[in-house]
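Undergrad: Take this structure first; my questions come after.
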Amino acid sequence: MAEKNTVTVRLRGRIDSANASATEAEIFARLAGVGECAVILDAAELQYISSAGLRVILRVKKAYRDLRITNVSPEVYEIFEMTGFTEMMTVEKAYRVVSVEGCEVIGEGFNGKVYRIDRDNVVKTYKNADALAEIQHEREVARLALILGVPTAISYDVVRVGESYGSVFELLNARSFSKILAKEPERFDWCVSEYVKMLKKIHSIAVPAGKLPPIKNKVVASVKRMKDLLPGPLGEKLLKLTEAIPESDRMIHGDFHTKNIVLAGDEVLVIDMDTLSVGRPVFDFMNMYSAYVGYYEYDPDGVIGFQGYDIGVSKRFWHGVLARYLNTKDEDKITGVENKIRVLSYAKMIDWSVRHFGGDEKRAAERAIWLENLIRLTDKVDSLDFEVSECGEAPDELEIEAATENLDKVLGYVGAHLEEAGCPMKTRMQFDLAVEEIFVNIASYAYAPNTGKATVKVDVSDDPKTVRVTFTDRGVPYDPLKRDDPDVTLPASERKIGGLGIYLTKKVMDEVRYEYKNGQNVLVIGKRIERSRE
Amino acid sequence: MVINKEVENGRAVIAPEGRLDTVTAPELERVVKDCLPGLTSLVFDFAKLEYISSAGLRVLLSAQKAMNAQGTMKLLNVNETIMEIFEVTGFSDILTIG
């Protein structure tokens with residue numbers, strides 16, 4: 001921020017010998033009494049300037065050294081350039097003007113919309129007056145997020161959109177998850193899975209101190225403003241529980257709903273970064289509950305206008321995401337966590353609604369519903385924070401150092417999935433055998449003599465029920481299936497020690513596949529599961 | 001893993017418990033190696049063994065090779081699942097299982 005005042009003077013129409021001295025008088029009259037200040041000559045509406053006009057600007061520049069000319073049209077810029085003015089002072093070209101009329105809205109945040117302006121480019125517009133500062137902020141935050149590992153797009157141009165500004169991003173053939181959910185219901189599960197993967201990724205990122213604001217402060221402030229709407233001690237309880245949520249250095253998106261997650265090409269990206277902060281995951285879920293359910297508790301049809309899908313899809317998506325994030329199918333556990341989330345969501349929505357629509361009757365009816373729920377749930381909960389591990393069953397994927405001492409962890413991870421799948425004991429042991437052979441192989445050879453990571457993932461498919469375990473490593477390309485099978489008919493004295501593991505794996509599994517793809521060894525073992533008779 | 005061992009007059013009974021896998025096989029290998037000198041009879045009691053992987057098979061194979069030169073080796077109380085693994089790998093033909 002500049003410490004001295006900045007005065008903006010608009011230049012209009014034509015400035016030539018006919019009106020130069022009048023214009024000069026006008027400018028100095030405008031600046032009189034301000035004292036030392038920075039001057040911006042806004043040339044947005046300047047159509048022509050003659051040498052008489054240029055002399056006026058020189059005299060202003062002499063009196064006020066800190067002078068900038070902004071929003072200069074291409075024609076007028078040519079004049080400034082020809083006369084050498086662009087070397088004497090800062091002359092900024094007008095921003096490219098982009099019209100979003102009739103453009104498809106592919107994303108929407110609280111502060112603006114994201115439009116697709118052509119196949120490969122989108123523009124994000126800003127509602128607020130201070131759009132340029134906002135754009136600058138979001139650019140910095142997006143850059144930080146990208147460096148920390150969040151797949152996002154960074155704007156390459158700032159343009160004029162109507163009365164405000166927008167930033168332009170290249171997003172190849174981008175479609176938001178809202179659109180996919182609305183138009184391709186068969187991809188519902190895929191959306192849930194990718195959405196949760198991205199959310200978990202964001203929540204796993206430790207942000208260096210001071211780079212992002214803690215979201216808890218904002219929520220505590222909201223609760224302080226609205227807590228007296230709750231009867232007696234419940235208001236105090238709500239505040240205490242909110243204050244008791246632990247601090248965290250983990251990244252929170254702050255507005256993680258399906259319009260802000262896009263599929264660009266085959267890459268999933270997060271596009272709305274201005275609400276990035278740090279805090280516990282419950283704060284992201286707080287805003288997600290509002291976005292999928294809370295805001296539509298009074299008017300269930302409202303969601304169609306915003307997201308493009310109906311309230312049924314919205315609620316199902318919310319529930320699916322929460323269950324998957326928590327790795328559980330246990331409805332009691334899901335409800336327990338959801339109650340905590342709803343408490344914060346209602347508190348935040350009520351505060352927001354009172355501040356923005358205090359007198360609106362329809363909004364008052366909506367707030368009454370929220371408040372009723374908030375009172376009921378605040379009474380029920382004993383904390384507002386939750387740990388995923390509290391509920392967690394088997395995680396989706398295990399990334400682990402490829403070392404034999406981690407074998408038990410890998411067996412435990414796969415075993416948990418097999419148990420969930422209702423796999424009989426004998427098949428579990430056969431999986432144990434195969435998993436051990438493959439993992440130990442990776443641990444022994446993939447990165448030797450160094451070490452590295454391996455990823456183990458379990459997938460269960462139906463009809464017939466089949467479990468597949470996929471092992472991925474970035475070690476030296478090696479296809480263990482190419483090895484000749486040992487001759488199992490030889491007597492002990494002629495038997496070689498080794499080669500048995502892969503042979504056993506092939507024997508006990510129905511399916512063993514190897515492939516080298518994208519610099520990775522990918523080995524899949526699979527077996528059909530007979531229903532457990534136990 | 002727990003490995004019970006009795007050695008007397010050139011005869012040894014080794015009874016491993018639990019899982020014989022990549023992590024635990026080296027322990028069994030050490031126990032076997034220690035009692036090999038002068039051994040004429042080696043018995044593995046698998047009554048409490050639940051699981052065996054190729055790492056365990058390797059220990060059995062090298063024990064069998066050693067005992068072929070100096071005496072006899074026998075496996076007792078092999079459970080059904082482990083027996084299947086012996087069959088798939090042809091170990092049921094190499095080992096004496098009783």
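Each chain in the structure tokens gets a letter, A, B and so on, in the order shown; residues start at 1 in every chain, and ligands are counted from 1 in the order they appear.
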Considering only C-alpha atoms, tabulate each residue of chain B that lies at most 8 Å from chain A along with its nearest interatomic pair and the corresponding distance in Å to one decimal; arrange the rows by chain and ascending residue number and present them as a tab-separated table.

TA:
```
residue	atom	partner	partner_atom	distance
B:Asp21	CA	A:Glu436	CA	7.9
B:Thr22	CA	A:Thr404	CA	7.3
B:Val23	CA	A:Glu405	CA	6.9
B:Tyr51	CA	A:Met429	CA	7.5
B:Ile52	CA	A:Leu433	CA	7.9
B:Ser53	CA	A:Leu433	CA	5.7
B:Ser54	CA	A:Gly501	CA	5.2
B:Ala55	CA	A:Gly501	CA	7.9
B:Arg58	CA	A:Ile497	CA	5.9
B:Leu61	CA	A:Ala492	CA	6.8
B:Ser62	CA	A:Ile497	CA	7.7
B:Gln64	CA	A:Ala492	CA	7.0
B:Lys65	CA	A:Ser493	CA	5.9
B:Thr81	CA	A:Lys426	CA	7.1
B:Ile85	CA	A:Leu504	CA	7.9
B:Val88	CA	A:Lys507	CA	7.2
B:Thr89	CA	A:Val488	CA	5.7
B:Gly90	CA	A:Val488	CA	4.8
B:Phe91	CA	A:Val488	CA	7.6
B:Asp93	CA	A:Thr489	CA	7.8
B:Ile94	CA	A:Ala492	CA	5.6
```

Undergrad: Can those selected residues be exported to a file as a short mmCIF file (atom, residue, chain, number, x, y, z; two decimals), in the first residue's frame so that it contains C-alpha atoms?

TA:
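Ended up saving to part_26.cif:
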```cif
data_model
loop_
_atom_site.label_atom_id
_atom_site.label_comp_id
_atom_site.auth_asym_id
_atom_site.auth_seq_id
_atom_site.Cartn_x
_atom_site.Cartn_y
_atom_site.Cartn_z
CA ASP B 21 7.20 -65.53 5.89
CA THR B 22 9.87 -63.19 4.52
CA VAL B 23 10.16 -61.47 7.87
CA TYR B 51 1.11 -69.90 7.09
CA ILE B 52 4.14 -70.45 4.93
CA SER B 53 5.38 -68.38 2.01
CA SER B 54 8.15 -69.07 -0.49
CA ALA B 55 10.68 -67.65 1.98
CA ARG B 58 13.36 -71.97 0.87
CA LEU B 61 14.47 -76.86 0.94
CA SER B 62 17.95 -76.01 2.18
CA GLN B 64 16.22 -80.95 3.24
CA LYS B 65 19.33 -80.66 1.07
CA THR B 81 -3.66 -74.96 3.70
CA ILE B 85 1.11 -75.03 -0.92
CA VAL B 88 1.37 -76.78 -5.78
CA THR B 89 5.12 -76.35 -5.51
CA GLY B 90 5.98 -80.04 -5.70
CA PHE B 91 7.36 -79.91 -2.15
CA ASP B 93 7.22 -84.98 -3.36
CA ILE B 94 10.51 -83.78 -1.90
#
```

Undergrad: Can you list, as a ChimeraX atom specification, every protein, DNA or RNA residue that comes within 10 Å of Lys74 of chain B when you count only C-alpha atoms, leaving out same-chain residues fewer than 6 positions away?

TA: /B:13,41-45,64,67,95-98

Undergrad: Store the residues of this selection in a file with N, CA and C atoms, as a PDB file, in the first residue's frame.

TA:
```pdb
ATOM      1  N   VAL B  13      13.819 -81.602  17.275  1.00  0.00           N
ATOM      2  CA  VAL B  13      12.439 -81.281  16.903  1.00  0.00           C
ATOM      3  C   VAL B  13      12.298 -79.759  16.941  1.00  0.00           C
ATOM      4  N   SER B  41      18.661 -86.734  12.781  1.00  0.00           N
ATOM      5  CA  SER B  41      17.198 -86.686  12.560  1.00  0.00           C
ATOM      6  C   SER B  41      16.668 -85.292  12.858  1.00  0.00           C
ATOM      7  N   LEU B  42      15.968 -84.741  11.839  1.00  0.00           N
ATOM      8  CA  LEU B  42      15.365 -83.411  12.019  1.00  0.00           C
ATOM      9  C   LEU B  42      13.861 -83.527  11.795  1.00  0.00           C
ATOM     10  N   VAL B  43      13.097 -83.092  12.809  1.00  0.00           N
ATOM     11  CA  VAL B  43      11.637 -83.128  12.699  1.00  0.00           C
ATOM     12  C   VAL B  43      11.095 -81.704  12.840  1.00  0.00           C
ATOM     13  N   PHE B  44      10.261 -81.296  11.872  1.00  0.00           N
ATOM     14  CA  PHE B  44       9.544 -80.025  12.011  1.00  0.00           C
ATOM     15  C   PHE B  44       8.128 -80.333  12.444  1.00  0.00           C
ATOM     16  N   ASP B  45       7.753 -79.777  13.586  1.00  0.00           N
ATOM     17  CA  ASP B  45       6.370 -79.953  14.033  1.00  0.00           C
ATOM     18  C   ASP B  45       5.594 -78.689  13.671  1.00  0.00           C
ATOM     19  N   GLN B  64      16.359 -79.625   3.845  1.00  0.00           N
ATOM     20  CA  GLN B  64      16.223 -80.953   3.245  1.00  0.00           C
ATOM     21  C   GLN B  64      17.517 -81.351   2.522  1.00  0.00           C
ATOM     22  N   MET B  67      20.054 -82.288   5.143  1.00  0.00           N
ATOM     23  CA  MET B  67      19.755 -83.553   5.831  1.00  0.00           C
ATOM     24  C   MET B  67      19.892 -84.761   4.899  1.00  0.00           C
ATOM     25  N   LEU B  95       9.580 -83.568   0.305  1.00  0.00           N
ATOM     26  CA  LEU B  95       9.615 -83.655   1.762  1.00  0.00           C
ATOM     27  C   LEU B  95       8.914 -84.928   2.239  1.00  0.00           C
ATOM     28  N   THR B  96       9.337 -85.367   3.410  1.00  0.00           N
ATOM     29  CA  THR B  96       8.640 -86.500   4.021  1.00  0.00           C
ATOM     30  C   THR B  96       7.625 -85.930   4.997  1.00  0.00           C
ATOM     31  N   ILE B  97       6.369 -86.107   4.649  1.00  0.00           N
ATOM     32  CA  ILE B  97       5.328 -85.515   5.487  1.00  0.00           C
ATOM     33  C   ILE B  97       4.515 -86.642   6.111  1.00  0.00           C
ATOM     34  N   GLY B  98       4.466 -86.659   7.422  1.00  0.00           N
ATOM     35  CA  GLY B  98       3.767 -87.769   8.069  1.00  0.00           C
ATOM     36  C   GLY B  98       2.880 -87.351   9.200  1.00  0.00           C
TER      37      GLY B  98
END
```

Undergrad: Taking the backbone alone, and naming residues the way the document does, which bits of segment 107-223 of chain A are strand (DSSP E or B) by DSSP, as a PyMOL selection string?

TA: chain A and resi 107-109+112-118+121-125+152+157-161+164-170+175-176+206+214

Undergrad: I need the chosen residues saved as an mmCIF file, in the first residue's frame, with N, CA and C atoms.

TA:
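Contents of the output file again-v6.cif:
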```cif
data_model
loop_
_atom_site.group_PDB
_atom_site.id
_atom_site.type_symbol
_atom_site.label_atom_id
_atom_site.label_comp_id
_atom_site.auth_asym_id
_atom_site.auth_seq_id
_atom_site.Cartn_x
_atom_site.Cartn_y
_atom_site.Cartn_z
ATOM 1 N N GLY A 107 -17.930 -22.347 -13.511
ATOM 2 C CA GLY A 107 -17.564 -22.370 -12.100
ATOM 3 C C GLY A 107 -18.199 -21.182 -11.421
ATOM 4 N N GLU A 108 -18.374 -21.298 -10.116
ATOM 5 C CA GLU A 108 -18.955 -20.161 -9.426
ATOM 6 C C GLU A 108 -18.513 -20.154 -7.983
ATOM 7 N N GLY A 109 -18.001 -19.029 -7.568
ATOM 8 C CA GLY A 109 -17.637 -18.862 -6.171
ATOM 9 C C GLY A 109 -18.468 -17.728 -5.618
ATOM 10 N N GLY A 112 -17.572 -14.369 -7.555
ATOM 11 C CA GLY A 112 -17.632 -14.198 -8.995
ATOM 12 C C GLY A 112 -17.881 -15.490 -9.714
ATOM 13 N N LYS A 113 -17.946 -15.382 -11.038
ATOM 14 C CA LYS A 113 -18.238 -16.561 -11.838
ATOM 15 C C LYS A 113 -17.085 -16.869 -12.772
ATOM 16 N N VAL A 114 -17.059 -18.122 -13.206
ATOM 17 C CA VAL A 114 -16.058 -18.519 -14.182
ATOM 18 C C VAL A 114 -16.791 -18.885 -15.471
ATOM 19 N N TYR A 115 -16.440 -18.195 -16.548
ATOM 20 C CA TYR A 115 -17.087 -18.454 -17.836
ATOM 21 C C TYR A 115 -16.093 -19.091 -18.792
ATOM 22 N N ARG A 116 -16.622 -19.924 -19.666
ATOM 23 C CA ARG A 116 -15.760 -20.410 -20.737
ATOM 24 C C ARG A 116 -15.916 -19.463 -21.910
ATOM 25 N N ILE A 117 -14.800 -18.839 -22.346
ATOM 26 C CA ILE A 117 -14.904 -17.868 -23.445
ATOM 27 C C ILE A 117 -14.598 -18.509 -24.798
ATOM 28 N N ASP A 118 -13.842 -19.589 -24.799
ATOM 29 C CA ASP A 118 -13.741 -20.414 -26.004
ATOM 30 C C ASP A 118 -13.342 -21.811 -25.552
ATOM 31 N N ASN A 121 -10.151 -21.647 -23.197
ATOM 32 C CA ASN A 121 -9.895 -20.577 -22.229
ATOM 33 C C ASN A 121 -11.132 -20.244 -21.403
ATOM 34 N N VAL A 122 -10.887 -19.921 -20.140
ATOM 35 C CA VAL A 122 -11.976 -19.483 -19.279
ATOM 36 C C VAL A 122 -11.574 -18.151 -18.656
ATOM 37 N N VAL A 123 -12.581 -17.378 -18.284
ATOM 38 C CA VAL A 123 -12.291 -16.139 -17.575
ATOM 39 C C VAL A 123 -13.039 -16.154 -16.253
ATOM 40 N N LYS A 124 -12.315 -15.788 -15.212
ATOM 41 C CA LYS A 124 -12.937 -15.700 -13.904
ATOM 42 C C LYS A 124 -13.206 -14.236 -13.611
ATOM 43 N N THR A 125 -14.472 -13.933 -13.342
ATOM 44 C CA THR A 125 -14.834 -12.540 -13.101
ATOM 45 C C THR A 125 -15.001 -12.296 -11.603
ATOM 46 N N THR A 152 -3.848 -26.912 -10.075
ATOM 47 C CA THR A 152 -4.733 -25.782 -10.306
ATOM 48 C C THR A 152 -4.250 -25.046 -11.542
ATOM 49 N N ASP A 157 -3.548 -13.799 -17.989
ATOM 50 C CA ASP A 157 -3.879 -12.470 -18.496
ATOM 51 C C ASP A 157 -4.985 -11.866 -17.633
ATOM 52 N N VAL A 158 -4.960 -10.549 -17.502
ATOM 53 C CA VAL A 158 -6.039 -9.858 -16.805
ATOM 54 C C VAL A 158 -6.802 -9.053 -17.844
ATOM 55 N N VAL A 159 -8.119 -9.184 -17.827
ATOM 56 C CA VAL A 159 -8.918 -8.503 -18.844
ATOM 57 C C VAL A 159 -10.033 -7.695 -18.198
ATOM 58 N N ARG A 160 -10.620 -6.850 -18.976
ATOM 59 C CA ARG A 160 -11.739 -6.023 -18.552
ATOM 60 C C ARG A 160 -13.014 -6.797 -18.897
ATOM 61 N N VAL A 161 -13.879 -6.984 -17.921
ATOM 62 C CA VAL A 161 -15.167 -7.631 -18.200
ATOM 63 C C VAL A 161 -16.249 -6.703 -17.676
ATOM 64 N N SER A 164 -15.994 -4.543 -14.408
ATOM 65 C CA SER A 164 -14.984 -5.081 -13.504
ATOM 66 C C SER A 164 -13.852 -5.758 -14.298
ATOM 67 N N TYR A 165 -13.104 -6.595 -13.602
ATOM 68 C CA TYR A 165 -11.972 -7.247 -14.244
ATOM 69 C C TYR A 165 -12.127 -8.757 -14.147
ATOM 70 N N GLY A 166 -11.335 -9.435 -14.939
ATOM 71 C CA GLY A 166 -11.345 -10.889 -14.865
ATOM 72 C C GLY A 166 -9.949 -11.408 -15.133
ATOM 73 N N SER A 167 -9.667 -12.611 -14.678
ATOM 74 C CA SER A 167 -8.400 -13.216 -15.064
ATOM 75 C C SER A 167 -8.667 -14.404 -15.970
ATOM 76 N N VAL A 168 -7.791 -14.557 -16.934
ATOM 77 C CA VAL A 168 -7.994 -15.565 -17.970
ATOM 78 C C VAL A 168 -7.092 -16.773 -17.701
ATOM 79 N N PHE A 169 -7.680 -17.928 -17.819
ATOM 80 C CA PHE A 169 -6.939 -19.173 -17.622
ATOM 81 C C PHE A 169 -7.065 -20.037 -18.862
ATOM 82 N N GLU A 170 -6.033 -20.793 -19.109
ATOM 83 C CA GLU A 170 -6.161 -21.803 -20.145
ATOM 84 C C GLU A 170 -6.602 -23.095 -19.468
ATOM 85 N N ARG A 175 -14.668 -29.016 -18.021
ATOM 86 C CA ARG A 175 -16.051 -29.231 -17.593
ATOM 87 C C ARG A 175 -16.056 -29.346 -16.081
ATOM 88 N N SER A 176 -16.979 -28.667 -15.419
ATOM 89 C CA SER A 176 -17.020 -28.745 -13.966
ATOM 90 C C SER A 176 -17.672 -30.058 -13.539
ATOM 91 N N ALA A 206 0.879 -29.515 4.262
ATOM 92 C CA ALA A 206 1.279 -28.613 5.344
ATOM 93 C C ALA A 206 1.700 -27.291 4.716
ATOM 94 N N PRO A 214 -5.590 -18.654 9.129
ATOM 95 C CA PRO A 214 -6.341 -19.745 9.752
ATOM 96 C C PRO A 214 -7.840 -19.483 9.637
#
```

Undergrad: Name all residues at most 10 Å from Ile14 of chain B (count only C-alpha atoms; drop same-chain ones fewer than 5 positions away) and give them as a list in words.

TA: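 Contacts, in chain order: Ile3, Asn4, Lys5, Glu6, Val7, Leu28, Val31, Val32, Cys35, Leu42, Val43, Phe44, Asp45, Phe46 and Leu75 of chain B.
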
Undergrad: Determine, counting only C-alpha atoms, which protein, DNA and RNA residues have an atom within 12 Å of an atom of segment 360-364 of chain A; residues of the same chain fewer than 4 positions away are not included. Present the result as a list in words.

TA: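 Skipping anything fewer than 4 positions along the chain leaves Tyr295, Tyr296, Glu297, Tyr298, Asp299, Met349, Ile350, Asp351, Trp352, Ser353, Val354, Arg355, His356, Ala368, Ile369, Trp370 and Leu371 of chain A.
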
Undergrad: Filtering to N, CA and C atoms, could you give me those residues as a JSON list (two decimals), in the first residue's frame?

TA:
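Written file, part.json:
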```json
[["chain", "number", "residue", "atom", "x", "y", "z"],
["A", 295, "TYR", "N", -28.05, -24.77, 2.32],
["A", 295, "TYR", "CA", -28.69, -23.64, 1.67],
["A", 295, "TYR", "C", -30.03, -24.02, 1.02],
["A", 296, "TYR", "N", -30.29, -25.33, 0.89],
["A", 296, "TYR", "CA", -31.50, -25.77, 0.21],
["A", 296, "TYR", "C", -32.49, -26.46, 1.15],
["A", 297, "GLU", "N", -32.29, -26.31, 2.44],
["A", 297, "GLU", "CA", -33.21, -26.94, 3.37],
["A", 297, "GLU", "C", -34.57, -26.24, 3.34],
["A", 298, "TYR", "N", -34.57, -24.96, 3.04],
["A", 298, "TYR", "CA", -35.83, -24.23, 2.95],
["A", 298, "TYR", "C", -36.40, -24.31, 1.54],
["A", 299, "ASP", "N", -35.50, -24.20, 0.55],
["A", 299, "ASP", "CA", -35.94, -24.19, -0.84],
["A", 299, "ASP", "C", -35.16, -25.24, -1.63],
["A", 349, "MET", "N", -24.02, -20.10, 8.35],
["A", 349, "MET", "CA", -25.07, -19.64, 7.44],
["A", 349, "MET", "C", -25.97, -18.61, 8.11],
["A", 350, "ILE", "N", -26.28, -18.85, 9.40],
["A", 350, "ILE", "CA", -27.15, -17.91, 10.12],
["A", 350, "ILE", "C", -26.47, -16.55, 10.22],
["A", 351, "ASP", "N", -25.19, -16.57, 10.60],
["A", 351, "ASP", "CA", -24.46, -15.31, 10.72],
["A", 351, "ASP", "C", -24.43, -14.57, 9.39],
["A", 352, "TRP", "N", -24.16, -15.32, 8.32],
["A", 352, "TRP", "CA", -24.07, -14.74, 6.99],
["A", 352, "TRP", "C", -25.42, -14.14, 6.57],
["A", 353, "SER", "N", -26.48, -14.89, 6.84],
["A", 353, "SER", "CA", -27.82, -14.47, 6.43],
["A", 353, "SER", "C", -28.27, -13.23, 7.21],
["A", 354, "VAL", "N", -27.99, -13.22, 8.52],
["A", 354, "VAL", "CA", -28.38, -12.06, 9.33],
["A", 354, "VAL", "C", -27.66, -10.81, 8.82],
["A", 355, "ARG", "N", -26.38, -10.97, 8.50],
["A", 355, "ARG", "CA", -25.61, -9.80, 8.09],
["A", 355, "ARG", "C", -26.02, -9.28, 6.72],
["A", 356, "HIS", "N", -26.40, -10.20, 5.80],
["A", 356, "HIS", "CA", -26.70, -9.76, 4.45],
["A", 356, "HIS", "C", -28.18, -9.55, 4.17],
["A", 368, "ALA", "N", -34.92, -19.67, 10.53],
["A", 368, "ALA", "CA", -35.63, -20.35, 11.62],
["A", 368, "ALA", "C", -35.37, -21.86, 11.55],
["A", 369, "ILE", "N", -35.39, -22.40, 10.33],
["A", 369, "ILE", "CA", -35.12, -23.84, 10.16],
["A", 369, "ILE", "C", -33.70, -24.17, 10.61],
["A", 370, "TRP", "N", -32.75, -23.34, 10.15],
["A", 370, "TRP", "CA", -31.35, -23.57, 10.52],
["A", 370, "TRP", "C", -31.16, -23.51, 12.03],
["A", 371, "LEU", "N", -31.80, -22.50, 12.63],
["A", 371, "LEU", "CA", -31.61, -22.30, 14.06],
["A", 371, "LEU", "C", -32.17, -23.47, 14.86]]
```

Undergrad: Please indicate the distance in Å from atom CA of Val7 of chain A to atom CA of Thr70 of chain A, rounded to one decimal place.

TA: 12.6 Å

Undergrad: I'd like the contact shell of Glu17 of chain B - 6 Å cut-off, only C-alpha atoms, skipping same-chain residues fewer than 5 positions apart - returned as a list in words.

TA: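 Returned residues: Val2, Lys48 and Leu49 of chain B.
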